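K.L.:
My structure file protein.cif, mmCIF, C-alpha atoms, is below:
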data_target
loop_
_atom_site.label_atom_id
_atom_site.label_comp_id
_atom_site.auth_asym_id
_atom_site.auth_seq_id
_atom_site.Cartn_x
_atom_site.Cartn_y
_atom_site.Cartn_z
CA MET D 1 43.12 70.41 97.43
CA LYS D 2 46.17 69.62 95.27
CA THR D 3 48.44 71.35 97.82
CA SER D 4 47.01 69.22 100.64
CA VAL D 5 47.60 66.09 98.61
CA ARG D 6 51.21 67.06 97.94
CA ILE D 7 51.80 67.86 101.62
CA SER D 8 50.22 64.59 102.67
CA SER D 9 52.44 62.75 100.20
CA VAL D 10 55.50 64.40 101.68
CA LEU D 11 54.47 63.43 105.18
CA ILE D 12 53.88 59.84 104.11
CA LEU D 13 57.32 59.78 102.47
CA VAL D 14 58.97 61.25 105.55
CA PHE D 15 57.52 58.88 108.06
CA SER D 16 57.90 55.90 105.73
CA VAL D 17 61.57 56.65 105.12
CA TYR D 18 62.25 57.46 108.75
CA TYR D 19 60.72 54.38 110.30
CA SER D 20 61.50 51.98 107.44
CA TYR D 21 65.13 52.79 108.02
CA PHE D 22 65.11 51.37 111.50
CA TYR D 23 63.17 48.31 110.45
CA TYR D 24 65.41 47.63 107.44
CA TYR D 25 68.65 48.32 109.23
CA ASN D 26 67.89 46.37 112.37
CA SER D 27 66.54 43.36 110.50
CA ASN D 28 69.14 43.14 107.75
CA SER D 29 72.38 41.90 109.24
CA SER D 30 74.02 41.65 105.83
CA ASN D 31 74.32 45.44 105.80
CA SER D 32 75.63 45.76 109.31
CA ASN D 33 79.17 46.49 108.17
CA ASN D 34 78.19 49.16 105.64
CA ASN D 35 78.35 52.84 106.51
CA THR D 36 75.29 53.81 104.42
CA ILE D 37 71.92 52.34 103.42
CA ASP D 38 69.65 52.96 100.41
CA ILE D 39 65.94 53.49 101.01
CA LEU D 40 63.60 54.64 98.25
CA ASN D 41 66.63 55.53 96.10
CA ILE D 42 68.00 57.88 98.77
CA THR D 43 71.30 57.05 100.48
CA PHE D 44 71.23 57.43 104.28
CA PRO D 45 74.04 57.06 106.85
CA LYS D 46 73.76 54.45 109.59
CA SER D 47 73.49 56.67 112.66
CA THR D 48 70.33 57.92 114.28
CA GLN D 49 71.46 61.55 114.32
CA GLU D 50 72.68 61.50 110.75
CA ILE D 51 69.46 59.89 109.46
CA LYS D 52 67.46 62.63 111.16
CA SER D 53 69.65 65.29 109.58
CA LYS D 54 69.31 63.70 106.15
CA VAL D 55 65.52 63.54 106.32
CA ALA D 56 65.33 67.09 107.72
CA SER D 57 67.33 68.35 104.74
CA VAL D 58 65.02 66.58 102.28
CA ILE D 59 61.82 68.05 103.76
CA ALA D 60 63.12 71.50 104.74
CA PRO D 61 61.52 73.33 101.74
CA TYR D 62 58.08 71.94 102.63
CA VAL D 63 57.93 72.24 106.42
CA SER D 64 56.88 75.90 106.50
CA ARG D 65 53.74 75.02 104.48
CA LEU D 66 52.50 72.44 106.99
CA PRO D 67 49.88 73.20 109.66
CA GLN D 68 51.42 74.29 112.95
CA ALA D 69 50.29 71.08 114.67
CA LEU D 70 52.15 68.91 112.15
CA GLN D 71 55.25 71.12 112.39
CA SER D 72 55.19 70.54 116.15
CA GLN D 73 55.05 66.80 115.63
CA LEU D 74 58.04 66.91 113.29
CA ALA D 75 59.90 69.04 115.84
CA LEU D 76 59.48 66.27 118.40
CA LEU D 77 61.30 63.97 115.99
CA ASP D 78 64.04 66.57 115.35
CA LEU D 79 62.83 66.87 111.76
CA ALA D 80 61.32 70.38 111.71
CA THR D 81 64.62 72.08 110.85
CA PRO D 82 67.62 71.12 108.68
CA PRO D 83 70.94 70.22 110.33
CA SER D 84 72.14 73.05 112.56
CA GLN D 85 75.15 75.08 111.39
CA PRO D 86 77.88 76.44 113.68
CA PRO D 87 76.69 79.80 115.05
CA ALA D 88 78.06 82.81 113.23
CA LYS D 89 80.81 84.61 115.12
CA SER D 90 79.42 87.63 116.94
CA TYR D 91 81.16 90.99 116.54
CA GLU D 92 78.93 92.94 118.87
CA ILE D 93 80.77 95.30 121.19
CA MET D 94 80.03 94.28 124.76
CA VAL D 95 81.68 97.37 126.29
CA PRO D 96 81.83 100.37 123.92
CA ARG D 97 84.54 102.98 124.32
CA SER D 98 83.57 106.33 125.77
CA ILE D 99 84.40 109.77 124.37
CA VAL D 100 87.27 111.69 125.95
CA LYS D 101 86.98 114.81 123.79
CA VAL D 102 85.77 116.04 120.41
CA PHE D 103 87.18 119.06 118.57
CA LYS D 104 87.25 120.47 115.06
CA ALA D 105 90.46 120.51 113.01
CA VAL D 106 90.97 124.05 111.75
CA GLU D 107 92.50 124.48 108.29
CA LYS D 108 95.80 126.34 108.02
CA ALA D 109 98.80 126.72 105.71
CA GLU D 110 101.70 124.26 105.90
CA GLY D 111 104.78 123.46 103.85
CA ALA D 112 104.96 125.27 100.51
CA GLY D 113 101.40 126.34 99.82
CA ALA D 114 99.70 123.22 101.18
CA ARG D 115 96.57 123.41 103.34
CA VAL D 116 96.16 121.11 106.33
CA ARG D 117 93.64 120.38 109.07
CA ARG D 118 95.81 119.18 111.95
CA SER D 119 94.12 117.34 114.81
CA ILE D 120 97.00 115.56 116.58
CA GLY D 121 100.08 117.50 117.61
CA VAL D 122 97.98 120.56 118.51
CA PRO D 123 97.17 122.10 121.92
CA GLN D 124 93.94 120.07 122.10
CA LEU D 125 95.77 116.76 121.67
CA ARG D 126 99.42 116.13 122.47
CA ASN D 127 101.31 113.22 124.06
CA PHE D 128 98.83 110.73 122.62
CA SER D 129 101.16 107.75 122.27
CA PRO D 130 102.02 106.38 119.80
CA PHE D 131 100.53 109.16 117.65
CA LEU D 132 102.53 112.33 117.06
CA MET D 133 100.64 114.18 114.33
CA LEU D 134 97.60 113.85 112.08
CA ASP D 135 97.07 116.07 109.05
CA HIS D 136 94.15 116.12 106.62
CA PHE D 137 96.01 117.77 103.74
CA THR D 138 95.27 119.34 100.36
CA ILE D 139 98.14 119.96 97.95
CA GLY D 140 97.46 122.16 94.94
CA LYS D 141 99.60 122.71 91.84
CA GLY D 142 102.93 124.28 92.77
CA ALA D 143 102.44 123.44 96.45
CA GLY D 144 103.70 120.52 98.49
CA PHE D 145 106.41 119.50 100.92
CA PRO D 146 109.90 120.03 99.40
CA ASP D 147 113.06 118.40 100.78
CA HIS D 148 112.92 117.93 104.55
CA PRO D 149 114.41 115.51 107.12
CA HIS D 150 112.96 112.99 109.58
CA ARG D 151 114.37 110.93 112.43
CA GLY D 152 112.82 108.56 114.98
CA GLN D 153 109.28 108.09 113.63
CA GLU D 154 107.15 106.48 110.96
CA THR D 155 104.85 108.40 108.61
CA ILE D 156 101.72 106.85 107.10
CA THR D 157 100.26 108.68 104.10
CA TYR D 158 96.79 107.71 102.85
CA LEU D 159 95.70 109.37 99.61
CA LEU D 160 91.98 110.08 99.23
CA SER D 161 92.09 111.70 95.78
CA GLY D 162 94.60 112.78 93.15
CA SER D 163 98.21 111.62 93.27
CA VAL D 164 101.40 112.43 95.18
CA ASP D 165 105.01 111.84 94.11
CA HIS D 166 107.72 111.05 96.63
CA GLU D 167 111.51 110.96 96.37
CA ASP D 168 114.31 110.56 98.94
CA PHE D 169 118.10 110.65 99.21
CA THR D 170 118.38 106.83 99.01
CA GLY D 171 117.27 107.00 95.37
CA SER D 172 113.75 105.72 96.11
CA LYS D 173 110.96 107.43 94.22
CA GLY D 174 107.41 106.68 93.22
CA THR D 175 103.79 107.80 93.07
CA ILE D 176 100.76 106.93 95.13
CA HIS D 177 97.22 107.38 93.81
CA ALA D 178 93.77 107.59 95.37
CA GLY D 179 93.30 104.68 97.76
CA ASP D 180 97.04 103.94 98.05
CA LEU D 181 99.20 104.32 101.14
CA GLN D 182 102.87 104.84 101.85
CA PHE D 183 104.44 103.61 105.08
CA MET D 184 107.80 105.30 105.65
CA THR D 185 110.12 104.46 108.53
CA ALA D 186 112.52 107.33 109.07
CA GLY D 187 114.66 105.47 111.61
CA ARG D 188 118.10 107.00 112.08
CA GLY D 189 117.51 109.55 109.36
CA ILE D 190 116.07 110.31 105.95
CA VAL D 191 115.54 113.36 103.74
CA HIS D 192 112.68 113.29 101.25
CA ALA D 193 110.12 115.35 99.34
CA GLU D 194 106.38 114.92 98.76
CA MET D 195 104.83 116.87 95.89
CA PRO D 196 101.67 116.78 93.76
CA GLY D 197 101.66 114.05 91.13
CA THR D 198 102.02 115.08 87.51
CA ASP D 199 100.27 112.17 85.79
CA ASN D 200 96.87 113.97 85.64
CA ALA D 201 97.96 117.54 86.37
CA HIS D 202 97.48 118.56 82.71
CA LEU D 203 93.77 117.68 82.79
CA PRO D 204 91.42 120.66 83.27
CA ASN D 205 89.27 118.79 85.81
CA SER D 206 91.98 116.81 87.55
CA PRO D 207 91.00 115.87 91.11
CA PRO D 208 92.62 117.72 94.03
CA ASN D 209 95.44 115.97 95.85
CA VAL D 210 93.89 115.21 99.23
CA GLY D 211 94.93 112.75 101.89
CA MET D 212 95.71 111.91 105.50
CA GLN D 213 99.18 111.81 106.98
CA LEU D 214 99.76 110.22 110.37
CA TRP D 215 103.04 110.35 112.28
CA VAL D 216 103.64 107.38 114.58
CA ASP D 217 106.37 107.13 117.21
CA LEU D 218 108.93 104.33 116.96
CA PRO D 219 109.83 102.13 119.94
CA LYS D 220 112.98 103.44 121.61
CA ASP D 221 115.11 100.49 120.50
CA LEU D 222 114.09 101.04 116.84
CA LYS D 223 114.59 104.79 116.58
CA TYR D 224 117.99 104.32 114.94
CA CYS D 225 117.03 101.51 112.55
CA GLU D 226 117.66 101.82 108.83
CA PRO D 227 115.01 103.79 106.93
CA ARG D 228 112.56 101.87 104.74
CA TYR D 229 109.47 102.32 102.56
CA ARG D 230 106.41 100.16 102.00
CA ASP D 231 103.80 101.23 99.44
CA LEU D 232 100.38 99.64 99.93
CA ARG D 233 98.22 99.73 96.82
CA ALA D 234 94.44 100.12 96.95
CA SER D 235 94.09 96.70 95.32
CA GLU D 236 95.87 95.11 98.30
CA ILE D 237 93.46 96.52 100.89
CA PRO D 238 90.59 94.19 101.90
CA LEU D 239 87.15 95.77 101.46
CA ILE D 240 84.27 94.19 103.35
CA LYS D 241 80.53 94.77 103.78
CA PRO D 242 79.63 93.39 107.23
CA ALA D 243 76.51 91.23 107.18
CA GLU D 244 75.17 93.01 110.26
CA ALA D 245 74.94 96.28 108.29
CA ASN D 246 72.70 94.97 105.46
CA GLY D 247 74.94 96.34 102.72
CA LYS D 248 74.96 99.89 104.09
CA VAL D 249 78.52 99.86 105.43
CA GLU D 250 81.88 99.36 103.72
CA ILE D 251 85.12 98.93 105.66
CA LYS D 252 88.57 99.22 104.12
CA ILE D 253 90.91 97.28 106.38
CA ILE D 254 94.16 99.17 105.91
CA SER D 255 95.78 97.62 108.96
CA GLY D 256 94.36 95.27 111.59
CA GLU D 257 91.26 93.06 111.60
CA SER D 258 87.57 93.63 111.02
CA HIS D 259 84.76 91.07 111.19
CA GLY D 260 87.09 88.13 110.66
CA THR D 261 89.11 89.66 107.80
CA GLU D 262 92.75 90.68 108.28
CA SER D 263 94.90 93.25 106.52
CA VAL D 264 98.28 92.91 104.88
CA LYS D 265 100.95 92.23 107.52
CA ASP D 266 104.23 93.95 108.46
CA LEU D 267 103.37 97.46 107.36
CA ALA D 268 104.77 99.39 110.33
CA TYR D 269 107.06 98.66 113.25
CA THR D 270 104.67 100.17 115.79
CA PRO D 271 101.40 98.16 115.91
CA VAL D 272 98.47 100.20 114.57
CA TRP D 273 94.98 99.40 113.29
CA ILE D 274 93.60 101.69 110.57
CA PHE D 275 90.13 101.62 108.96
CA ASP D 276 88.33 103.73 106.36
CA ILE D 277 84.62 103.22 107.11
CA ALA D 278 81.77 104.47 104.87
CA ILE D 279 78.22 104.38 106.26
CA GLU D 280 75.06 105.09 104.28
CA GLY D 281 71.81 106.41 105.75
CA GLY D 282 70.27 103.76 107.98
CA GLY D 283 73.58 101.95 108.35
CA LYS D 284 74.97 100.74 111.64
CA VAL D 285 78.17 98.83 112.44
CA THR D 286 80.47 97.85 115.27
CA GLN D 287 84.24 97.71 115.08
CA GLN D 288 86.42 96.03 117.66
CA LEU D 289 89.67 97.66 118.78
CA PRO D 290 92.53 96.20 120.86
CA VAL D 291 91.85 96.80 124.53
CA GLY D 292 94.21 99.32 126.16
CA TRP D 293 95.34 100.94 122.90
CA ASN D 294 94.85 104.65 122.28
CA ALA D 295 92.31 105.34 119.55
CA PHE D 296 90.67 108.22 117.68
CA MET D 297 88.16 108.74 114.90
CA TYR D 298 88.38 111.55 112.33
CA THR D 299 85.20 112.32 110.36
CA LEU D 300 86.08 112.75 106.71
CA GLU D 301 82.58 113.22 105.28
CA GLY D 302 79.09 113.81 106.62
CA SER D 303 78.22 113.21 110.26
CA VAL D 304 78.20 109.96 112.20
CA THR D 305 76.59 108.92 115.47
CA LEU D 306 78.81 107.27 118.07
CA THR D 307 77.00 105.14 120.65
CA THR D 308 78.83 104.84 123.96
CA GLY D 309 76.19 103.01 125.99
CA PRO D 310 72.43 102.43 126.35
CA GLY D 311 70.75 105.68 125.39
CA GLN D 312 74.10 107.45 125.13
CA GLU D 313 74.74 108.80 121.64
CA ARG D 314 76.63 111.73 120.15
CA LYS D 315 76.64 112.99 116.59
CA ILE D 316 80.13 113.82 115.29
CA GLU D 317 80.36 116.35 112.48
CA GLN D 318 82.76 116.55 109.52
CA PHE D 319 86.40 117.53 110.21
CA HIS D 320 86.09 116.68 113.91
CA ASN D 321 88.51 114.39 115.72
CA THR D 322 87.01 112.17 118.42
CA VAL D 323 89.42 110.92 121.07
CA LEU D 324 88.29 107.62 122.59
CA SER D 325 88.99 106.17 126.02
CA ARG D 326 91.37 103.23 126.38
CA GLU D 327 88.70 101.25 128.23
CA GLY D 328 86.19 99.31 126.16
CA GLU D 329 86.27 96.80 123.33
CA GLY D 330 85.42 98.98 120.35
CA VAL D 331 82.97 101.43 118.81
CA GLU D 332 79.42 101.41 117.50
CA LEU D 333 78.78 103.78 114.59
CA SER D 334 75.61 104.66 112.72
CA VAL D 335 73.92 107.15 110.39
CA GLU D 336 70.25 107.93 110.81
CA GLU D 337 67.75 106.67 108.25
CA GLY D 338 67.65 109.10 105.34
CA GLY D 339 70.89 110.76 106.45
CA GLU D 340 73.77 111.59 104.12
CA LYS D 341 76.60 109.13 103.70
CA ALA D 342 79.35 109.47 106.31
CA ARG D 343 82.98 108.44 106.14
CA VAL D 344 85.39 108.10 109.05
CA PHE D 345 89.09 107.40 109.53
CA LEU D 346 89.31 105.13 112.60
CA VAL D 347 92.75 104.43 114.09
CA ALA D 348 94.10 102.62 117.16
CA GLY D 349 97.72 102.19 118.24
CA MET D 350 99.68 100.39 120.93
CA VAL D 351 100.76 102.76 123.68
CA LEU D 352 104.54 103.12 123.96
CA GLU D 353 105.57 103.68 127.57
CA GLN D 354 108.56 105.90 126.84
CA GLU D 355 109.70 109.50 126.92
CA VAL D 356 109.01 111.52 123.79
CA VAL D 357 110.93 114.68 122.92
CA GLN D 358 109.96 116.18 119.57
CA TYR D 359 111.46 119.07 117.70
CA GLY D 360 109.76 119.39 114.32
CA PRO D 361 110.57 116.26 112.27
CA PHE D 362 112.96 114.85 114.89
CA VAL D 363 111.31 112.54 117.45
CA VAL D 364 113.70 111.15 120.05
CA SER D 365 113.87 110.37 123.77
CA SER D 366 115.80 113.30 125.29
CA GLU D 367 116.75 116.91 124.66
CA GLU D 368 120.35 115.81 124.14
CA GLU D 369 119.22 113.56 121.28
CA VAL D 370 117.35 116.48 119.73
CA TYR D 371 120.53 118.55 119.64
CA GLN D 372 122.40 115.56 118.28
CA ALA D 373 119.83 115.08 115.50
CA MET D 374 120.16 118.72 114.49
CA ARG D 375 123.96 118.44 114.39
CA ASP D 376 123.84 115.19 112.44
CA TYR D 377 121.54 116.72 109.85
CA GLN D 378 123.64 119.90 109.50
CA LEU D 379 126.91 117.97 109.31
CA ASN D 380 125.57 115.04 107.22
CA GLU D 381 126.52 112.47 109.83
CA ASN D 382 125.07 109.43 111.65
CA GLY D 383 122.37 108.58 109.14
CA PHE D 384 122.32 111.80 107.12
CA GLU D 385 125.51 111.16 105.12
CA ARG D 386 123.61 110.88 101.83
CA ALA D 387 121.96 114.27 102.36
CA LYS D 388 125.22 116.04 101.47
CA GLY D 389 124.69 117.85 98.18
CA TRP D 390 121.42 116.02 97.51
CA LYS D 391 118.37 117.74 96.09
CA SER D 392 115.25 116.01 94.92
CA GLU D 393 114.00 116.52 91.38
CA ILE D 394 110.36 116.81 92.42
CA GLY D 395 111.16 119.39 95.09
CA GLN D 396 112.21 121.84 92.38
CA ARG D 397 108.71 121.99 90.89
CA ARG D 398 106.84 125.26 91.13
#
Let's see the structure in the file written out as structure tokens.

P.N.:
Amino acid sequence: MKTSVRISSVLILVFSVYYSYFYYYNSNSSNSNNNTIDILNITFPKSTQEIKSKVASVIAPYVSRLPQALQSQLALLDLATPPSQPPAKSYEIMVPRSIVKVFKAVEKAEGAGARVRRSIGVPQLRNFSPFLMLDHFTIGKGAGFPDHPHRGQETITYLLSGSVDHEDFTGSKGTIHAGDLQFMTAGRGIVHAEMPGTDNAHLPNSPPNVGMQLWVDLPKDLKYCEPRYRDLRASEIPLIKPAEANGKVEIKIISGESHGTESVKDLAYTPVWIFDIAIEGGGKVTQQLPVGWNAFMYTLEGSVTLTTGPGQERKIEQFHNTVLSREGEGVELSVEEGGEKARVFLVAGMVLEQEVVQYGPFVVSSEEEVYQAMRDYQLNENGFERAKGWKSEIGQRR
């Protein structure tokens, strides 16, 4: 009975305020130049739409407790709901990308004792512009990548655990830790070393040094630019939990844009989007990708389901690289309810319409340029002048 009395009181207040406003306003010319009006100690604006919005906001907490018939009556007066908000931006993928191929990256030895799972730059996937190579690497104590040259490409190193030291012939040196990245532009030439970090190496349970390294082609007119570095710290990387995923998905936006959030700018010369996406059991998310760019998805942990259309799904297992079609607006990823957490490395890059001739770490546009790069490196010329007599300190570790 008390609840009915309270609801009735609210209704009386609503209708009294609503209709008294018009009577008071229309009959009181002294207030005609004011922008607001006070009724029952509540300030209301002087427009029909605004007064409706004001009243709707006041009664919003009580409307759901009214009988359906009364709610319908309020709806006729535009009072059943509070003022409408701009619709949330939709990130649904209208046209998902299809799968071109899926294959497992097989582990093998590389460098000085390092282990890698290579899934770009292998017979299953070559000439995938702008991507040249993708390694999922593990570097143990005494292993690594001692002094070696590069020309004509950019390397992007993303550390998943442990630490890695780097040093080059320009005098640059530093360390990246778990969650950090290094963007290196080789340009006309650089010689450097990448070795296991020593900051935690003395600990008995120090984490393994594991990461991803992606080689990206440079546009032809930038292949002979000056070399440069850009370290991106984990603290600089936006981390979001899309509302659509109900807290079951986390996206690290290394480069690009996801659900209205953008990454740090000017990381690489060649445009690339890079995401580290973690999905818990029951999680589902969409991620848009630039139309026409080449894209792939490498499964770091667990298994993830990729939806490519109505009723078209495929489960992708750990250590598999999924090559996506250029057509389509993005991807839809999910993990079944009760499934183990999955983690994927999703990358898209602008296609460079140019010839690519690669010989090891030299990526140029013709065979003649390959021979020239080899001569320049051997003779310390045309970008490799500082390599003469240089040896890194970290490359001597064993």

K.L.:
Might you spell out which residues the PyMOL selection byres ((chain D and resi 326) around 10) would select in the displayed file, as a count of residues only?

P.N.:
20

K.L.:
What is the distance, in Å and to one decimal place, between atom CA of Lys341 of chain D and atom CA of Ile316 of chain D?

P.N.:
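Interatomic distance here is 13.0 Å.
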
K.L.:
Compile the contact shell of Pro310 of chain D as a ChimeraX atom specification: residues with an atom at most 12 Å away, counting only C-alpha atoms, same-chain residues fewer than 4 positions apart removed.

P.N.:
/D:94-96,98,306,314,332

K.L.:
Expanded to explicit residues, what is the PyMOL selection byres ((chain D and resi 315) around 9) for this file, as a PDB file with C-alpha atoms, in the frame of the given file?

P.N.:
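File written: selection-v6.pdb
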ATOM      1  CA  SER D 303      78.220 113.210 110.260  1.00  0.00           C
ATOM      2  CA  VAL D 304      78.200 109.960 112.200  1.00  0.00           C
ATOM      3  CA  THR D 305      76.590 108.920 115.470  1.00  0.00           C
ATOM      4  CA  LEU D 306      78.810 107.270 118.070  1.00  0.00           C
ATOM      5  CA  THR D 307      77.000 105.140 120.650  1.00  0.00           C
ATOM      6  CA  GLU D 313      74.740 108.800 121.640  1.00  0.00           C
ATOM      7  CA  ARG D 314      76.630 111.730 120.150  1.00  0.00           C
ATOM      8  CA  ILE D 316      80.130 113.820 115.290  1.00  0.00           C
ATOM      9  CA  GLU D 317      80.360 116.350 112.480  1.00  0.00           C
ATOM     10  CA  VAL D 335      73.920 107.150 110.390  1.00  0.00           C
TER      11      VAL D 335
END

K.L.:
What is the atom CA of Glu280 of chain D-atom CA of Thr261 of chain D distance in Å, reported with one decimal?

P.N.:
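According to the coordinates, atom CA of Glu280 of chain D and atom CA of Thr261 of chain D are separated by 21.2 Å.
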
K.L.:
For Thr155 of chain D, which residue out of D:Lys220, D:Arg126, D:Arg228, D:Arg115 is the nearest one, using all atoms listed in the file?

P.N.:
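Going through D:Lys220, D:Arg126, D:Arg228, D:Arg115 one by one, the smallest distance to Thr155 of chain D is for D:Arg228.
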
K.L.:
Using only C-alpha atoms, I'd like a table of the residues in segment 215-327 of chain D that come within 6 Å of segment 178-181 of chain D; for each, show the closest atom pair and its distance in Å rounded to one decimal, ordered by chain and ascending number, as CSV.

P.N.:
residue,atom,partner,partner_atom,distance
D:Asp231,CA,D:Leu181,CA,5.8
D:Leu232,CA,D:Leu181,CA,5.0
D:Arg233,CA,D:Asp180,CA,4.5
D:Ala234,CA,D:Asp180,CA,4.7

K.L.:
If the PyMOL selection byres ((chain D and resi 143-150) around 8) is run on the structure shown, which residues does it catch, given as number ranges by chain?

P.N.:
D: 111-114, 139-142, 151-153, 186-187, 189-196, 361-362, 377, 391-392, 394-396, 398

K.L.:
Keeping only C-alpha atoms, write those residues as a tab-separated table (two decimals), keeping the file's coordinate frame.

P.N.:
chain	number	residue	atom	x	y	z
D	111	GLY	CA	104.78	123.46	103.85
D	112	ALA	CA	104.96	125.27	100.51
D	113	GLY	CA	101.40	126.34	99.82
D	114	ALA	CA	99.70	123.22	101.18
D	139	ILE	CA	98.14	119.96	97.95
D	140	GLY	CA	97.46	122.16	94.94
D	141	LYS	CA	99.60	122.71	91.84
D	142	GLY	CA	102.93	124.28	92.77
D	151	ARG	CA	114.37	110.93	112.43
D	152	GLY	CA	112.82	108.56	114.98
D	153	GLN	CA	109.28	108.09	113.63
D	186	ALA	CA	112.52	107.33	109.07
D	187	GLY	CA	114.66	105.47	111.61
D	189	GLY	CA	117.51	109.55	109.36
D	190	ILE	CA	116.07	110.31	105.95
D	191	VAL	CA	115.54	113.36	103.74
D	192	HIS	CA	112.68	113.29	101.25
D	193	ALA	CA	110.12	115.35	99.34
D	194	GLU	CA	106.38	114.92	98.76
D	195	MET	CA	104.83	116.87	95.89
D	196	PRO	CA	101.67	116.78	93.76
D	361	PRO	CA	110.57	116.26	112.27
D	362	PHE	CA	112.96	114.85	114.89
D	377	TYR	CA	121.54	116.72	109.85
D	391	LYS	CA	118.37	117.74	96.09
D	392	SER	CA	115.25	116.01	94.92
D	394	ILE	CA	110.36	116.81	92.42
D	395	GLY	CA	111.16	119.39	95.09
D	396	GLN	CA	112.21	121.84	92.38
D	398	ARG	CA	106.84	125.26	91.13

K.L.:
Between atom CA of Ser206 of chain D and atom CA of Asp276 of chain D, what is the distance, to one decimal in Å?

P.N.:
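Answer for the atom CA of Ser206 of chain D to atom CA of Asp276 of chain D separation: 23.2 Å.
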
K.L.:
Could you give me, as a ChimeraX atom specification, the residues that sit within 6 Å of (81.9, 99.0, 113.9) in the file's coordinates, counting only C-alpha atoms?

P.N.:
/D:285-287,331-333

K.L.:
Would you save the residues from that selection as a tab-separated table (two decimals), in the frame of the given file, using C-alpha atoms?

P.N.:
chain	number	residue	atom	x	y	z
D	285	VAL	CA	78.17	98.83	112.44
D	286	THR	CA	80.47	97.85	115.27
D	287	GLN	CA	84.24	97.71	115.08
D	331	VAL	CA	82.97	101.43	118.81
D	332	GLU	CA	79.42	101.41	117.50
D	333	LEU	CA	78.78	103.78	114.59

K.L.:
Taking all atoms listed in the file into account, name the residue in D:Ser334, D:Gln372, D:Ser161, D:Asn380 that is nearest to Ala245 of chain D.

P.N.:
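Looking at the shortest contact to Ala245 of chain D, the residue is D:Ser334.
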
K.L.:
So, counting all atoms listed in the file, which residue among D:Met133, D:His177, D:Tyr224, D:Val106 is closest to Asn382 of chain D?

P.N.:
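Smallest distance to Asn382 of chain D is found for D:Tyr224.
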
K.L.:
Fewer than 4 positions away in the same chain doesn't count, so skip those; otherwise give me all residues within 9 Å of Ala268 of chain D, counting all atoms listed in the file, as a list in words.

P.N.:
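The neighbour list is Glu154, Ile156, Phe183, Met184, Thr185, Arg230 and Val272 of chain D.
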
K.L.:
Which of these residues is nearest to Thr170 of chain D, using all atoms listed in the file: D:Met297, D:Ala387, D:Leu379, D:Val347?

P.N.:
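Looking at the shortest contact to Thr170 of chain D, the residue is D:Ala387.
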
K.L.:
So, with all atoms listed in the file as the atoms that count, which of D:Gly302, D:Pro238, D:Pro130, D:Gly339 lies closest to Gly282 of chain D?

P.N.:
D:Gly339

K.L.:
May I ask which of the residues D:Glu250, D:Glu368, D:Glu110, D:Glu393 is the closest one to Arg343 of chain D, counting all atoms listed in the file?

P.N.:
D:Glu250

K.L.:
Using all atoms listed in the file, which protein or nucleic acid residues come within 7 Å of Phe319 of chain D? Drop anything in the same chain fewer than 4 positions from it, and give the result as a list in words.

P.N.:
Lys104, Ala105, Tyr298, Thr299 and Leu300 of chain D

K.L.:
Mind listing as JSON, numbers by chain all residues within 7 Å of (85.9, 116.5, 120.2), counting only C-alpha atoms?

P.N.:
{"D": [101, 102, 103, 104, 320, 321, 322, 323]}

K.L.:
Take the residues just selected and output them with C-alpha atoms as a PDB file, in the frame of the given file.

P.N.:
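Now in again.pdb:
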ATOM      1  CA  LYS D 101      86.980 114.810 123.790  1.00  0.00           C
ATOM      2  CA  VAL D 102      85.770 116.040 120.410  1.00  0.00           C
ATOM      3  CA  PHE D 103      87.180 119.060 118.570  1.00  0.00           C
ATOM      4  CA  LYS D 104      87.250 120.470 115.060  1.00  0.00           C
ATOM      5  CA  HIS D 320      86.090 116.680 113.910  1.00  0.00           C
ATOM      6  CA  ASN D 321      88.510 114.390 115.720  1.00  0.00           C
ATOM      7  CA  THR D 322      87.010 112.170 118.420  1.00  0.00           C
ATOM      8  CA  VAL D 323      89.420 110.920 121.070  1.00  0.00           C
TER       9      VAL D 323
END
